[in-house]
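Scroll down for the structure; my scribbles are underneath it.
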Amino acid sequence: TPRVFSGIQPSGNLHLGNYLGALKRFADAQEQGIESIYCMVDLHAITVWQDPADLARATRELCAGFIAAGVDPEKSILFNQSQVPEHTQMAWIFNCVARMGWMQRMTQFKDKAGKNAQNASLGLFAYPALMAADILVYHATHVPVGEDQKQHLELTRDIATKFNHDYGVDFFPITEPVIEGAATRVMSFRDGTKKMSKSDPSDMSRINLTDDADAIAKKIRKAKTDPDPLPDSLEGLQDRPEAMNLVNIYAALADLTPEQVIAEHAGQQFGTFKPSLADLAVAKLSPISTEMSRLMQDQGEIDRILGRGAERAREIATPILQKTYDIVGMIRS
Ligand code: AQP
């Protein structure tokens, strides 16, 4: 039976890329009635330093973001990673399955560690093994993510394959990444060759899910573009990353294909297209930010949702971890 797992880091600045690449698609998937498990991956977040008070706040805000985006905590399982210790227990097993060379190839590690990789945390290096544990401790079959996570998901498949092979079992499923839709890679508003990211120092580079209508409209108006009008076919966007990004965002927000957006807006100047996009973005996103701030007023309720989600998650994870320990030869008495 299919089972969906995905996670988001509570590292602040939840943005349009997280919404279109992840949250919105989770809400859409939920309607298909597949068992879905969604995690605020706080243990991943601390692979780079997080102020403790900010981390707690960002975790609650992320939970509010899931719910405001349409993920129902009754239908889906919503929890924070550190409340389910089976993730880290499984991660240790996978640390012993994964190879140093595999980790060294991860582009996210190279990007985040920067030039001074010796100074990066050991956790940042081992991040993909914990991510494999997040997924496989539930025997999840499908993982909806943005394009940037593709390499980590391949590593998850490699870990599952090697574990199954090393222990001569057919135990872990080979997980399918689900990377689809018009906005699997939302780009920065300042630089169309960089992905929109939480950690970009420029707030103008992204739309935060907590931005109000004025901020959303202003950021779209000021987004970098080229001087040409929109072309009359998708091919005309090939070497125009900023224009392509805005068309893809429009398509994803309106549940259209990029082709349909181009057909509707061919020949328009950005002076015309940007205000339409701003209206659409405000219509779709400001209800989410309003709902997030409403939910954030009742922290106790958010904490109860996370706690209840963690209990439900553990019901699935505990027997899978125990079986893993049995396979590996760990005594349980
Ligand atoms: N720009 C993006 N376009 C589409 N999807 C995106 N995702 C992230 N950025 C984009 C997807 O959002 C989910 C959660 O991401 P995450 O917070 O776990 O990971 P991240 O890649 O570290 O997020 P950021 O915003 O890019 O943070 P920093 O700046 O710290 O690197 C994932 O499904 C991801 O694909």
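If you're wondering about the labels, chains in the structure tokens are A, B, ... by order shown, residues count from 1 in each chain, ligands from 1 in order shown.
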Identify all residues of stretch 13-259 of chain A in alpha helix (DSSP H) (DSSP on the backbone) and supply them as a ChimeraX atom specification. /A:16-18,24-30,42-45,52-68,86-95,100-104,107-113,122-136,150-166,213-222,241-254,258-259
Write out, as an mmCIF file, in the first residue's frame, the residues just selected, with C-alpha atoms.
```
data_model
loop_
_atom_site.group_PDB
_atom_site.id
_atom_site.type_symbol
_atom_site.label_atom_id
_atom_site.label_comp_id
_atom_site.auth_asym_id
_atom_site.auth_seq_id
_atom_site.Cartn_x
_atom_site.Cartn_y
_atom_site.Cartn_z
ATOM 1 C CA LEU A 16 6.690 30.412 -1.729
ATOM 2 C CA GLY A 17 9.089 27.660 -2.893
ATOM 3 C CA ASN A 18 8.281 25.577 0.184
ATOM 4 C CA LYS A 24 0.421 22.863 -1.560
ATOM 5 C CA ARG A 25 1.169 19.483 -3.068
ATOM 6 C CA PHE A 26 0.761 17.784 0.333
ATOM 7 C CA ALA A 27 -2.683 19.333 0.634
ATOM 8 C CA ASP A 28 -3.554 18.176 -2.899
ATOM 9 C CA ALA A 29 -2.251 14.629 -2.176
ATOM 10 C CA GLN A 30 -4.284 14.387 1.007
ATOM 11 C CA ASP A 42 13.897 20.024 13.783
ATOM 12 C CA LEU A 43 16.843 17.616 14.064
ATOM 13 C CA HIS A 44 17.818 18.490 10.502
ATOM 14 C CA ALA A 45 17.508 22.196 11.236
ATOM 15 C CA PRO A 52 16.720 27.788 20.605
ATOM 16 C CA ALA A 53 13.831 30.234 20.994
ATOM 17 C CA ASP A 54 13.744 30.830 17.230
ATOM 18 C CA LEU A 55 13.765 27.079 16.549
ATOM 19 C CA ALA A 56 10.783 26.465 18.821
ATOM 20 C CA ARG A 57 8.898 29.356 17.268
ATOM 21 C CA ALA A 58 9.748 28.279 13.713
ATOM 22 C CA THR A 59 8.573 24.729 14.478
ATOM 23 C CA ARG A 60 5.183 25.974 15.657
ATOM 24 C CA GLU A 61 4.975 28.404 12.752
ATOM 25 C CA LEU A 62 5.729 25.598 10.311
ATOM 26 C CA CYS A 63 3.001 23.462 11.872
ATOM 27 C CA ALA A 64 0.617 26.414 11.464
ATOM 28 C CA GLY A 65 1.825 26.696 7.843
ATOM 29 C CA PHE A 66 0.989 23.053 7.113
ATOM 30 C CA ILE A 67 -2.506 23.445 8.515
ATOM 31 C CA ALA A 68 -3.121 26.837 6.882
ATOM 32 C CA GLU A 86 12.973 6.098 16.179
ATOM 33 C CA HIS A 87 14.231 8.507 13.488
ATOM 34 C CA THR A 88 17.635 8.916 15.159
ATOM 35 C CA GLN A 89 17.806 5.267 16.148
ATOM 36 C CA MET A 90 17.277 4.241 12.540
ATOM 37 C CA ALA A 91 19.695 6.946 11.383
ATOM 38 C CA TRP A 92 22.530 5.306 13.335
ATOM 39 C CA ILE A 93 21.968 2.035 11.509
ATOM 40 C CA PHE A 94 22.032 3.938 8.219
ATOM 41 C CA ASN A 95 25.205 5.813 9.211
ATOM 42 C CA MET A 100 31.687 8.336 3.168
ATOM 43 C CA GLY A 101 32.121 8.662 -0.591
ATOM 44 C CA TRP A 102 28.348 8.795 -1.144
ATOM 45 C CA MET A 103 28.018 11.653 1.319
ATOM 46 C CA GLN A 104 30.940 13.555 -0.163
ATOM 47 C CA THR A 107 25.760 18.932 -3.624
ATOM 48 C CA GLN A 108 23.676 20.315 -0.744
ATOM 49 C CA PHE A 109 26.509 19.519 1.688
ATOM 50 C CA LYS A 110 29.021 21.185 -0.614
ATOM 51 C CA ASP A 111 26.787 24.260 -0.971
ATOM 52 C CA LYS A 112 26.006 24.594 2.720
ATOM 53 C CA ALA A 113 29.458 23.724 4.041
ATOM 54 C CA LEU A 122 29.250 16.203 11.490
ATOM 55 C CA GLY A 123 25.441 16.337 11.452
ATOM 56 C CA LEU A 124 25.428 18.365 8.236
ATOM 57 C CA PHE A 125 27.558 15.683 6.598
ATOM 58 C CA ALA A 126 25.337 12.855 7.865
ATOM 59 C CA TYR A 127 22.105 14.740 7.044
ATOM 60 C CA PRO A 128 21.089 12.470 4.122
ATOM 61 C CA ALA A 129 21.338 9.328 6.304
ATOM 62 C CA LEU A 130 18.939 10.876 8.823
ATOM 63 C CA MET A 131 16.682 11.820 5.917
ATOM 64 C CA ALA A 132 16.741 8.214 4.682
ATOM 65 C CA ALA A 133 15.784 7.143 8.220
ATOM 66 C CA ASP A 134 12.894 9.657 8.296
ATOM 67 C CA ILE A 135 11.470 8.030 5.191
ATOM 68 C CA LEU A 136 12.317 4.369 5.685
ATOM 69 C CA LYS A 150 16.373 14.639 -5.823
ATOM 70 C CA GLN A 151 19.952 13.678 -5.001
ATOM 71 C CA HIS A 152 19.113 12.960 -1.352
ATOM 72 C CA LEU A 153 16.278 10.692 -2.443
ATOM 73 C CA GLU A 154 18.586 8.761 -4.710
ATOM 74 C CA LEU A 155 20.815 8.250 -1.694
ATOM 75 C CA THR A 156 17.817 6.978 0.281
ATOM 76 C CA ARG A 157 17.259 4.395 -2.443
ATOM 77 C CA ASP A 158 20.950 3.453 -2.340
ATOM 78 C CA ILE A 159 20.820 2.983 1.432
ATOM 79 C CA ALA A 160 17.689 0.815 1.210
ATOM 80 C CA THR A 161 19.240 -1.275 -1.568
ATOM 81 C CA LYS A 162 22.541 -1.745 0.273
ATOM 82 C CA PHE A 163 20.826 -2.638 3.557
ATOM 83 C CA ASN A 164 18.596 -5.196 1.814
ATOM 84 C CA HIS A 165 21.632 -6.629 0.026
ATOM 85 C CA ASP A 166 24.021 -6.664 3.018
ATOM 86 C CA ALA A 213 -0.636 41.607 0.773
ATOM 87 C CA ASP A 214 1.450 44.781 0.365
ATOM 88 C CA ALA A 215 4.735 42.951 0.828
ATOM 89 C CA ILE A 216 3.719 40.226 -1.643
ATOM 90 C CA ALA A 217 2.716 42.781 -4.307
ATOM 91 C CA LYS A 218 5.867 44.862 -3.763
ATOM 92 C CA LYS A 219 8.208 41.871 -4.047
ATOM 93 C CA ILE A 220 6.590 40.753 -7.309
ATOM 94 C CA ARG A 221 6.668 44.298 -8.717
ATOM 95 C CA LYS A 222 10.375 44.553 -7.909
ATOM 96 C CA PRO A 241 15.178 32.244 -16.265
ATOM 97 C CA GLU A 242 13.475 35.163 -14.466
ATOM 98 C CA ALA A 243 10.572 35.262 -16.938
ATOM 99 C CA MET A 244 10.228 31.483 -16.831
ATOM 100 C CA ASN A 245 10.139 31.590 -13.036
ATOM 101 C CA LEU A 246 7.255 34.076 -12.928
ATOM 102 C CA VAL A 247 5.296 32.066 -15.524
ATOM 103 C CA ASN A 248 5.842 28.850 -13.550
ATOM 104 C CA ILE A 249 4.754 30.529 -10.307
ATOM 105 C CA TYR A 250 1.621 31.858 -12.009
ATOM 106 C CA ALA A 251 0.847 28.391 -13.386
ATOM 107 C CA ALA A 252 1.323 26.638 -10.049
ATOM 108 C CA LEU A 253 -0.754 29.178 -8.118
ATOM 109 C CA ALA A 254 -3.581 29.077 -10.684
ATOM 110 C CA PRO A 258 2.866 26.969 -18.083
ATOM 111 C CA GLU A 259 1.609 26.514 -21.681
#
```
Can you tell me which residues sit at most 9 Å away from ligand 1, counting only C-alpha atoms and all ligand atoms, written as a ChimeraX atom specification? /A:6-23,40-41,44-45,48,108,111-112,143-150,179,183-188,194-200,206
Could you dump the residues just selected with C-alpha atoms as a compact mmCIF listing (two decimals), in the first residue's frame?
```txt
# COMPACT_ATOMS: atom_id res chain seq x y z
CA SER A 6 7.82 14.33 3.53
CA GLY A 7 9.55 16.82 5.81
CA ILE A 8 10.33 20.52 6.01
CA GLN A 9 12.98 22.18 8.16
CA PRO A 10 11.76 24.64 10.77
CA SER A 11 14.56 27.05 10.01
CA GLY A 12 12.40 30.16 9.63
CA ASN A 13 11.26 32.14 6.56
CA LEU A 14 8.87 29.54 5.16
CA HIS A 15 8.54 30.72 1.57
CA LEU A 16 6.69 30.41 -1.73
CA GLY A 17 9.09 27.66 -2.89
CA ASN A 18 8.28 25.58 0.18
CA TYR A 19 4.58 26.23 -0.46
CA LEU A 20 4.50 25.35 -4.18
CA GLY A 21 7.20 22.65 -4.06
CA ALA A 22 5.87 21.01 -0.91
CA LEU A 23 2.94 22.26 1.22
CA MET A 40 8.85 19.30 10.92
CA VAL A 41 12.45 18.13 10.81
CA HIS A 44 17.82 18.49 10.50
CA ALA A 45 17.51 22.20 11.24
CA VAL A 48 23.49 24.51 11.27
CA GLN A 108 23.68 20.31 -0.74
CA ASP A 111 26.79 24.26 -0.97
CA LYS A 112 26.01 24.59 2.72
CA VAL A 143 8.17 11.26 -1.15
CA PRO A 144 6.84 14.51 -2.64
CA VAL A 145 9.65 17.10 -2.69
CA GLY A 146 11.13 19.92 -4.74
CA GLU A 147 13.79 19.33 -7.36
CA ASP A 148 16.61 20.23 -4.91
CA GLN A 149 15.99 17.04 -2.90
CA LYS A 150 16.37 14.64 -5.82
CA ILE A 179 8.79 15.72 -8.23
CA ALA A 183 6.95 24.80 -9.55
CA THR A 184 9.32 22.05 -8.46
CA ARG A 185 12.08 24.66 -8.43
CA VAL A 186 10.97 28.18 -7.59
CA MET A 187 13.81 30.62 -8.22
CA SER A 188 14.96 33.68 -6.31
CA LYS A 194 19.41 30.50 -7.75
CA LYS A 195 16.59 28.71 -5.98
CA MET A 196 14.34 30.65 -3.65
CA SER A 197 15.70 29.80 -0.23
CA LYS A 198 15.06 30.39 3.47
CA SER A 199 18.65 31.33 4.09
CA ASP A 200 19.02 33.98 1.35
CA ARG A 206 11.51 35.44 -1.66
```
Ranking A:Val261, A:Glu31, A:Gly300, A:Tyr325 by minimum distance to A:Leu277 and counting only C-alpha atoms, which one comes first? A:Val261
Backbone-only DSSP, strand (DSSP E) members of stretch 90-322 of chain A, as number ranges by chain: A: 142-144, 176-178
From the set A:Phe172, A:Phe189, A:Tyr167, A:Tyr138, which residue has the shortest atom-to-atom contact distance to A:Val84, counting only C-alpha atoms?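 So, comparing all the options, the nearest one is A:Tyr138.
Counting only C-alpha atoms and comparing A:Leu256, A:Val4, A:Ile288, A:Leu234, the residue that lies closest to A:Ile37 is A:Val4.
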Leaving out A:Ala266 and any residue of its chain fewer than 6 positions from it, which residues lie within 7 Å of it when counting only C-alpha atoms, given as a list of chain:residue names? A:Leu230, A:Pro231, A:Asp232
Non-local contacts of A:Pro287 (10 Å; only C-alpha atoms; under 5 positions in same chain excluded) as a PyMOL selection string: chain A and resi 68-69+209+212-213+282+292
Atom CA of A:Ile77 and atom CA of A:Phe5 are how many Å apart?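 Atom CA of A:Ile77 sits 9.4 Å away from atom CA of A:Phe5.
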